[in-house]
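Here the structure is laid out as structure tokens; the discussion comes afterwards.
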Amino acid sequence: MSITRRNTLAGLCWAGLAITVWSGSLIMLRLGVTTSLNAYDLTLLRFGVAGLILSPVVLLRGTGTDRLQLTGVVAMVIAFGAPYVLLISLALETAPAAAAGALNPGVMAIGAVLLGRMILGDRIGRARFSGLAVTAMGVLLFTRAGGIVTIGHLILIGTGIMWASYVLIVRRAAVPALNAAAIVAVGSAVFYMPVYLVALPKRIAEAPLVDVVIQAGFQGILVSVFAIYAFNRSAELLGPVAGATLPALIPVVTLGLGVAVLGETADPAEIASAILVTVGLVLVLAGARAMRWLFDQLMHGPTKKPRP
């Protein structure tokens, strides 16, 4: 197997792991803010635990790049740290998890590719632009299937743009995956924890211990450490377009987890949107070759194999 194919396979595996964890985190956040904890508690658990675990990385390795200045560090923390998670948690008080699973990563995927084109001069091509358009249609349909539009939906659009900005900063400064995760976690813990302790409303003291432990483990370790590392690693291996776009699969994975784990049912609009997102991502990942193969399947039936 060639080095390129090995990198692609490894990148897809890292992306798949990150997507699975993030899909589950949306359900966990929704569960948290609608039961025993509030958005401020969940943000504390996420970055308090992650900051403690990753602090040695910052102390020993720093930012991992000479190109990332203090403004870049602050921007990373704001765009993908405590403010980002707090906004998502607040949005989930009025918006369903399905809407978060569609809007947040969908807007990020599209925004990251477009920002890369405008600022870094990434070459995308017409086929991949077509894939972005199809993905956008799927994301929009997912959102409409989730019910009426609330303030939470608008917040989720904003967090998607924040995530896209984070991707651009990490790419431009070439921050290694583990360093990026550590910067976000430790920076968030340092700035957020004092504000939480002094000024923000809390419910953590009255919450059942099991709820606190589960959320701390899932949000603080799996989401804030493992998934961020996996996402950044996938972007390193797959390149800017594919790595930034794959999280648009989160609504599809969230839908599948809901059916498989929670026994939920998927309506026709959700199934159609899942198909659109999947097709759009195939076009983004493989470009013109995938578009030609898809055209062959539509015109001649599923008898031809994709071109190597």
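Following the order of the structure tokens, chains are lettered A, B, ..., residues in each are numbered from 1, and ligands are numbered from 1.
Close contacts of Ala133 in chain A, defined as residues with an atom at most 12 Å away when counting only C-alpha atoms, with chain neighbours fewer than 3 positions off set aside, comprise Gly106, Val107, Ala109, Ile110, Gly111, Val113, Leu114, Arg126, Ala127, Arg128, Phe129, Ser130, Ala136, Met137, Gly138, Val139, Leu140, Leu276, Val277, Val279, Gly280, Leu281, Leu283 and Val284 of chain A.
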Could the residues in this selection be saved with C-alpha atoms as a PDB file, in the first residue's frame?
```pdb
ATOM      1  CA  GLY A 106     -22.383  21.759   8.442  1.00  0.00           C
ATOM      2  CA  VAL A 107     -21.715  25.491   8.607  1.00  0.00           C
ATOM      3  CA  ALA A 109     -17.425  22.379   6.922  1.00  0.00           C
ATOM      4  CA  ILE A 110     -18.634  24.782   4.285  1.00  0.00           C
ATOM      5  CA  GLY A 111     -17.155  27.851   5.986  1.00  0.00           C
ATOM      6  CA  VAL A 113     -13.413  25.354   2.820  1.00  0.00           C
ATOM      7  CA  LEU A 114     -14.585  28.767   1.623  1.00  0.00           C
ATOM      8  CA  ARG A 126     -15.957  22.901  -9.729  1.00  0.00           C
ATOM      9  CA  ALA A 127     -16.737  19.324  -8.699  1.00  0.00           C
ATOM     10  CA  ARG A 128     -15.908  20.017  -5.080  1.00  0.00           C
ATOM     11  CA  PHE A 129     -17.837  23.281  -5.113  1.00  0.00           C
ATOM     12  CA  SER A 130     -20.772  21.210  -6.372  1.00  0.00           C
ATOM     13  CA  ALA A 136     -25.390  22.645   2.174  1.00  0.00           C
ATOM     14  CA  MET A 137     -28.743  21.477   0.829  1.00  0.00           C
ATOM     15  CA  GLY A 138     -28.602  18.412   3.055  1.00  0.00           C
ATOM     16  CA  VAL A 139     -27.697  20.469   6.126  1.00  0.00           C
ATOM     17  CA  LEU A 140     -30.544  22.904   5.447  1.00  0.00           C
ATOM     18  CA  LEU A 276     -27.595  14.551   0.259  1.00  0.00           C
ATOM     19  CA  VAL A 277     -24.865  15.145   2.854  1.00  0.00           C
ATOM     20  CA  VAL A 279     -23.278  12.406  -1.714  1.00  0.00           C
ATOM     21  CA  GLY A 280     -21.959  15.940  -1.238  1.00  0.00           C
ATOM     22  CA  LEU A 281     -19.064  14.696   0.864  1.00  0.00           C
ATOM     23  CA  LEU A 283     -17.881  14.791  -4.301  1.00  0.00           C
ATOM     24  CA  VAL A 284     -15.779  16.962  -1.990  1.00  0.00           C
TER      25      VAL A 284
END
```
task: Could you find all residues in range 47-283 of chain A that DSSP calls alpha helix (DSSP H) from the backbone, and write them as number ranges by chain?
output: A: 47-61, 70-80, 82-91, 97-119, 126-145, 151-173, 177-199, 209-217, 228-238, 240-245, 250-262, 268-283
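Residues surrounding Gly152 in chain A within 10 Å are Leu87, Ile88, Ser89, Leu90, Ala91, Leu92, Glu93, Thr94, Ala95, Pro96, Ala99, Ala100, Ile157 and Gly158 of chain A [only C-alpha atoms; sequence separation below 5 positions excluded].
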message: Between CA of Ser165 in chain A and CA of Met118 in chain A, what is the distance in Å, rounded to a tenth?
response: 12.5 Å
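The closest residue to Ala274 in chain A, picked from A:Pro251, A:Val73, A:Met108, A:Lys202 and counting only C-alpha atoms, is A:Pro251.
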- line: Thr4 in chain A proximity check over A:Gly62, A:Gly121, A:Gly24, A:Gly239, using only C-alpha atoms: winner is A:Gly239
message: Using Å and a single decimal, report how far CA of Tyr229 in chain A sits from CA of Pro176 in chain A.
response: 8.9 Å
